[in-house]
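Visitor: Handing you a structure now.
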Amino acid sequence: MTTAKVHVDLPGRAYDIQIGPGLLDQTGDFVAPMGGRKHICIVTDRHVAELHLAQLQAGLAAAGLTSEALVLPPGEATKCWAELERTVEWLLAQKVERGDVVVAFGGGVIGDLAGFAAAILRRGVRFVQIPTSLLAQVDSSVGGKTGINSPIGKNLIGAFHQPSLVLADTALLGTLRERDFLAGYGEVVKYGMLGDAEFFDWLERNGPALAAGDMDARVRAVTRSCRMKADIVQRDETEQGDRALLNLGHTFCHALEAATGYSDRLLHGEGVAIGCALAFELSARLELCSQEDPSRVRAHLRAMGMKVDIADIPGELPDAAALLGLMGQDKKVLDGKLRFILARGIGDAFITSDVPRDAVLDVLTDALNRTPSRA
């Protein structure tokens, strides 16, 4: 079966992303040579622990490593001060030293939280990302962004702290709910939209097979996504420029997540997909790209059975003006101006602060008034 490796070449902080099925059983072979104590502290959540923790610990034990796990509640609400404090105090109680390795074993929530705990513990300890969701494998586990949410906004508290290794076992994707897999696909397709039109073409042809479980297609999609992210992170580790391109769709997405209380009403990847569709619609209205581009984006997302519009989010939502207000809390605000990632076409995104607020308001108003595109 296909396996792949992507190298993230950051001076003094370089690491590999290992991609393919069956890597969980080999975790000890990767972690043991890293040094530190032979006791590994794992941070995970209840859902992942029930499915995969025994397999991970067996993989560590096969290389002579003992381990203990902190099992946190699943869900976005876990990315908070209380669970961060709980995690840090647990790691201290485990006597974690600066030369040790902490394992973040879960989706984006666990990766962000455990990575932030590792960043601030003893002014920085090493950690390994073992992402279990598609979203985490292609996005949040790579690049060193760690943090928690504030009631004011998402990911407003955090640090850049690169992992020492990422193990993306694509076999674990087979245990995801369809909704969670498709949410992760929102981040995969984003890479094609922002910088690789050929990858978007490939996804249009192979997306259904990928969703149905084709392992070679999954490895290829994760590898291409990680390589694109690694290339951008190497150019701009702390998001002073190009790295903001990775936030295509996220200005809309983060406002929608805040409006839904970071709840199960809207998963992050679903918000990204809706946000990308809105970003292309805004780009077309500003005559930056053709009218066909947003139609093509929506058609592909719809063909994959994904949420496409704000109206697809269940329950009541604030009006357009309130959503625009929530955008003002986004990390990408610069000198009081919203920064958007817009597109001149599929595969050609760019960063701008020169977006009329009225145009954004019109896009949001129309989106709120649309008929839902799926049940």
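In the structure tokens, the first chain shown is A, the next is B, and so on; residue numbers restart at 1 for each chain, and ligands run from 1 in the order shown.
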Applying 6 Å and only C-alpha atoms, which residues near stretch 19-24 of chain A remain after dropping the ones on its own chain fewer than 2 positions away? List them as a list of chain:residue names.
Guide: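 What passes the distance filter is A:Thr3, A:Ala4, A:Lys5, A:Gln26, A:Thr27, A:Leu56, A:Ala168, A:Asp169, A:Thr170, A:Ala171, A:Val219.
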Visitor: For the residues in that selection, give me N, CA, C and O atoms as a PDB file, in the first residue's frame.
Guide:
ATOM      1  N   THR A   3       2.679   4.627   0.733  1.00  0.00           N
ATOM      2  CA  THR A   3       3.029   5.500   1.845  1.00  0.00           C
ATOM      3  C   THR A   3       3.824   6.673   1.272  1.00  0.00           C
ATOM      4  O   THR A   3       4.361   6.597   0.165  1.00  0.00           O
ATOM      5  N   ALA A   4       3.892   7.760   2.046  1.00  0.00           N
ATOM      6  CA  ALA A   4       4.587   8.944   1.558  1.00  0.00           C
ATOM      7  C   ALA A   4       5.181   9.695   2.737  1.00  0.00           C
ATOM      8  O   ALA A   4       4.802   9.487   3.892  1.00  0.00           O
ATOM      9  N   LYS A   5       6.123  10.586   2.424  1.00  0.00           N
ATOM     10  CA  LYS A   5       6.729  11.425   3.447  1.00  0.00           C
ATOM     11  C   LYS A   5       6.864  12.839   2.902  1.00  0.00           C
ATOM     12  O   LYS A   5       7.309  13.033   1.764  1.00  0.00           O
ATOM     13  N   GLN A  26       3.433   1.376  14.236  1.00  0.00           N
ATOM     14  CA  GLN A  26       4.873   1.627  14.186  1.00  0.00           C
ATOM     15  C   GLN A  26       5.279   2.856  14.998  1.00  0.00           C
ATOM     16  O   GLN A  26       6.433   3.286  14.928  1.00  0.00           O
ATOM     17  N   THR A  27       4.348   3.406  15.773  1.00  0.00           N
ATOM     18  CA  THR A  27       4.631   4.657  16.478  1.00  0.00           C
ATOM     19  C   THR A  27       5.899   4.569  17.313  1.00  0.00           C
ATOM     20  O   THR A  27       6.731   5.487  17.312  1.00  0.00           O
ATOM     21  N   LEU A  56      -2.428   2.390  19.859  1.00  0.00           N
ATOM     22  CA  LEU A  56      -1.287   3.295  19.982  1.00  0.00           C
ATOM     23  C   LEU A  56      -0.353   2.837  21.099  1.00  0.00           C
ATOM     24  O   LEU A  56       0.876   2.777  20.919  1.00  0.00           O
ATOM     25  N   ALA A 168       0.550  10.576  10.150  1.00  0.00           N
ATOM     26  CA  ALA A 168      -0.810  10.600   9.620  1.00  0.00           C
ATOM     27  C   ALA A 168      -1.170   9.209   9.110  1.00  0.00           C
ATOM     28  O   ALA A 168      -0.884   8.853   7.961  1.00  0.00           O
ATOM     29  N   ASP A 169      -1.781   8.413   9.978  1.00  0.00           N
ATOM     30  CA  ASP A 169      -2.195   7.047   9.618  1.00  0.00           C
ATOM     31  C   ASP A 169      -3.539   7.137   8.904  1.00  0.00           C
ATOM     32  O   ASP A 169      -4.579   7.341   9.521  1.00  0.00           O
ATOM     33  N   THR A 170      -3.515   6.967   7.594  1.00  0.00           N
ATOM     34  CA  THR A 170      -4.734   7.132   6.799  1.00  0.00           C
ATOM     35  C   THR A 170      -5.739   6.008   7.031  1.00  0.00           C
ATOM     36  O   THR A 170      -6.910   6.144   6.670  1.00  0.00           O
ATOM     37  N   ALA A 171      -5.308   4.894   7.641  1.00  0.00           N
ATOM     38  CA  ALA A 171      -6.265   3.833   7.961  1.00  0.00           C
ATOM     39  C   ALA A 171      -7.269   4.299   9.015  1.00  0.00           C
ATOM     40  O   ALA A 171      -8.408   3.819   9.049  1.00  0.00           O
ATOM     41  N   VAL A 219      -4.291   8.665   0.433  1.00  0.00           N
ATOM     42  CA  VAL A 219      -2.879   8.975   0.668  1.00  0.00           C
ATOM     43  C   VAL A 219      -2.436  10.102  -0.250  1.00  0.00           C
ATOM     44  O   VAL A 219      -1.736  11.038   0.166  1.00  0.00           O
TER      45      VAL A 219
END
Visitor: Give one line per residue of stretch 120-188 of chain A that approaches stretch 226-233 of chain A to at most 12 Å, naming the two atoms of the closest pair and their distance in Å to one decimal, counting only C-alpha atoms; sort by chain then ascending residue number and deliver it as a tab-separated table.
Guide:
residue	atom	partner	partner_atom	distance
A:Leu134	CA	A:Cys226	CA	11.3
A:Leu135	CA	A:Cys226	CA	11.0
A:Ala136	CA	A:Cys226	CA	10.4
A:Gln137	CA	A:Cys226	CA	7.9
A:Val138	CA	A:Cys226	CA	5.4
A:Asp139	CA	A:Cys226	CA	7.1
A:Ser140	CA	A:Lys229	CA	10.0
A:Ser141	CA	A:Cys226	CA	9.5
A:Val142	CA	A:Cys226	CA	7.2
A:Gly143	CA	A:Val233	CA	6.0
A:Gly144	CA	A:Val233	CA	8.9
A:Lys145	CA	A:Val233	CA	10.3
A:Phe160	CA	A:Val233	CA	11.3
A:Gln162	CA	A:Val233	CA	10.6
A:Val166	CA	A:Cys226	CA	10.5
A:Leu167	CA	A:Cys226	CA	11.8
A:Ala168	CA	A:Cys226	CA	10.1
A:Glu187	CA	A:Cys226	CA	10.8
A:Val188	CA	A:Cys226	CA	9.3
Visitor: Which stretch 155-188 of chain A residues have any atom within 12 Å of an atom of stretch 39-51 of chain A, and for each, what is the nearest pair of atoms with distance in Å to one decimal, counting only C-alpha atoms, rows sorted by chain and number, as a tab-separated table?
Guide:
residue	atom	partner	partner_atom	distance
A:Leu172	CA	A:Leu51	CA	9.3
A:Leu173	CA	A:Val48	CA	11.5
A:Gly174	CA	A:Leu51	CA	11.2
A:Thr175	CA	A:Leu51	CA	8.1
A:Leu176	CA	A:Val48	CA	10.0
A:Arg177	CA	A:His47	CA	11.5
Visitor: Excluding same-chain residues fewer than 6 positions from A:Trp90, what lies within 12 Å of it counting only C-alpha atoms, as a list in words?
Guide: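 Here the answer would be Cys41, Ile42, Val43, Glu68, Ala69, Leu70, Val71, Leu72, Glu83, Leu84, Val96, Val102, Ala114, Ala117, Ala118 and Leu121 of chain A.
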Visitor: For C-alpha atoms, I'd like the residues from the last selection saved as a PDB file, in the first residue's frame.
Guide:
ATOM      1  CA  CYS A  41       2.447  11.096  27.908  1.00  0.00           C
ATOM      2  CA  ILE A  42      -0.510  10.987  25.529  1.00  0.00           C
ATOM      3  CA  VAL A  43      -3.267  13.617  25.347  1.00  0.00           C
ATOM      4  CA  GLU A  68      -0.126   7.028  30.133  1.00  0.00           C
ATOM      5  CA  ALA A  69      -3.019   8.988  28.648  1.00  0.00           C
ATOM      6  CA  LEU A  70      -5.088  11.979  29.663  1.00  0.00           C
ATOM      7  CA  VAL A  71      -8.551  11.531  28.114  1.00  0.00           C
ATOM      8  CA  LEU A  72     -10.410  14.808  27.552  1.00  0.00           C
ATOM      9  CA  GLU A  83      -8.992  22.071  29.813  1.00  0.00           C
ATOM     10  CA  LEU A  84      -5.645  23.724  29.024  1.00  0.00           C
ATOM     11  CA  VAL A  96       7.380  15.708  31.922  1.00  0.00           C
ATOM     12  CA  VAL A 102       4.249  14.542  24.483  1.00  0.00           C
ATOM     13  CA  ALA A 114      -1.956  19.582  23.505  1.00  0.00           C
ATOM     14  CA  ALA A 117       0.256  22.898  26.457  1.00  0.00           C
ATOM     15  CA  ALA A 118       3.594  21.597  25.144  1.00  0.00           C
ATOM     16  CA  LEU A 121       5.151  23.766  29.613  1.00  0.00           C
TER      17      LEU A 121
END
Visitor: I need the strand (DSSP E or B) residues of stretch 22-179 of chain A per DSSP on the backbone, written as a ChimeraX atom specification.
Guide: /A:39-45,66-72,101-106,126-131,145-150,153-160,165-169
Visitor: Which distance in Å separates atom CA of A:Arg357 and atom CA of A:Gly325, to one decimal?
Guide: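 Atom-to-atom, atom CA of A:Arg357 and atom CA of A:Gly325 are spaced 10.6 Å apart.
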Visitor: Which one of A:Thr371, A:Thr251, A:Ser353, A:Gln291 sits closest to A:Met327 if you count only C-alpha atoms?
Guide: A:Thr251
Visitor: For A:Phe199, list every protein, DNA or RNA residue within 9 Å, evaluated using only C-alpha atoms, and leave out those in the same chain fewer than 4 positions away; present the list as a list in words.
Guide: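 Using only C-alpha atoms, the neighbours found are Val189, Tyr191, Gly192, Met193, Gly195, Leu203, Glu204, Ala221, Arg224 and Gly347 of chain A.
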Visitor: Return the single residue from A:Asn247, A:Thr238, A:Ser283, A:Asn369 that is closest to A:Ile346, with distances computed using only C-alpha atoms.
Guide: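 Nearest candidate to A:Ile346 out of A:Asn247, A:Thr238, A:Ser283, A:Asn369: A:Ser283.
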Visitor: Which of stretch 86-286 of chain A counts as alpha helix (DSSP H) under DSSP, as JSON, numbers by chain please?
Guide: {"A": [86, 87, 88, 89, 90, 91, 92, 93, 108, 109, 110, 111, 112, 113, 114, 115, 116, 117, 118, 119, 120, 134, 135, 178, 179, 180, 181, 182, 183, 184, 185, 186, 187, 188, 189, 190, 191, 192, 193, 194, 195, 197, 198, 199, 200, 201, 202, 203, 204, 205, 206, 207, 208, 209, 210, 211, 212, 215, 216, 217, 218, 219, 220, 221, 222, 223, 224, 225, 226, 227, 228, 229, 230, 231, 232, 233, 234, 235, 250, 251, 252, 253, 254, 255, 256, 257, 258, 259, 268, 269, 270, 271, 272, 273, 274, 275, 276, 277, 278, 279, 280, 281, 282, 283, 284, 285]}
Visitor: Of the candidates A:Gly184, A:Gly153, A:Gly249, A:Gly241, which shows the shortest atom-to-atom distance to A:Leu326, using only C-alpha atoms?
Guide: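 Between A:Gly184, A:Gly153, A:Gly249, A:Gly241, the residue approaching A:Leu326 most closely is A:Gly153.
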Visitor: Under the rule that only C-alpha atoms are counted, which of A:Asp16, A:Asp264, A:Val272, A:Arg220 is the nearest residue to A:Phe30?
Guide: A:Asp16
Visitor: Skipping near chain neighbours, those fewer than 6 positions away, what residues fall within 12 Å of stretch 313-318 of chain A using only C-alpha atoms, listed as a ChimeraX atom specification?
Guide: /A:253,255-261,263-267,270-271,273-274,306-307,324-326,364-365,367-375
Visitor: Measuring between only C-alpha atoms, which one of A:Glu97, A:Asp354, A:Asp362, A:Glu287 shows the shortest distance to A:Arg123?
Guide: A:Glu97
Visitor: So how many Å separate atom CA of A:Asp293 and atom CA of A:Val308, to one decimal?
Guide: 14.2 Å
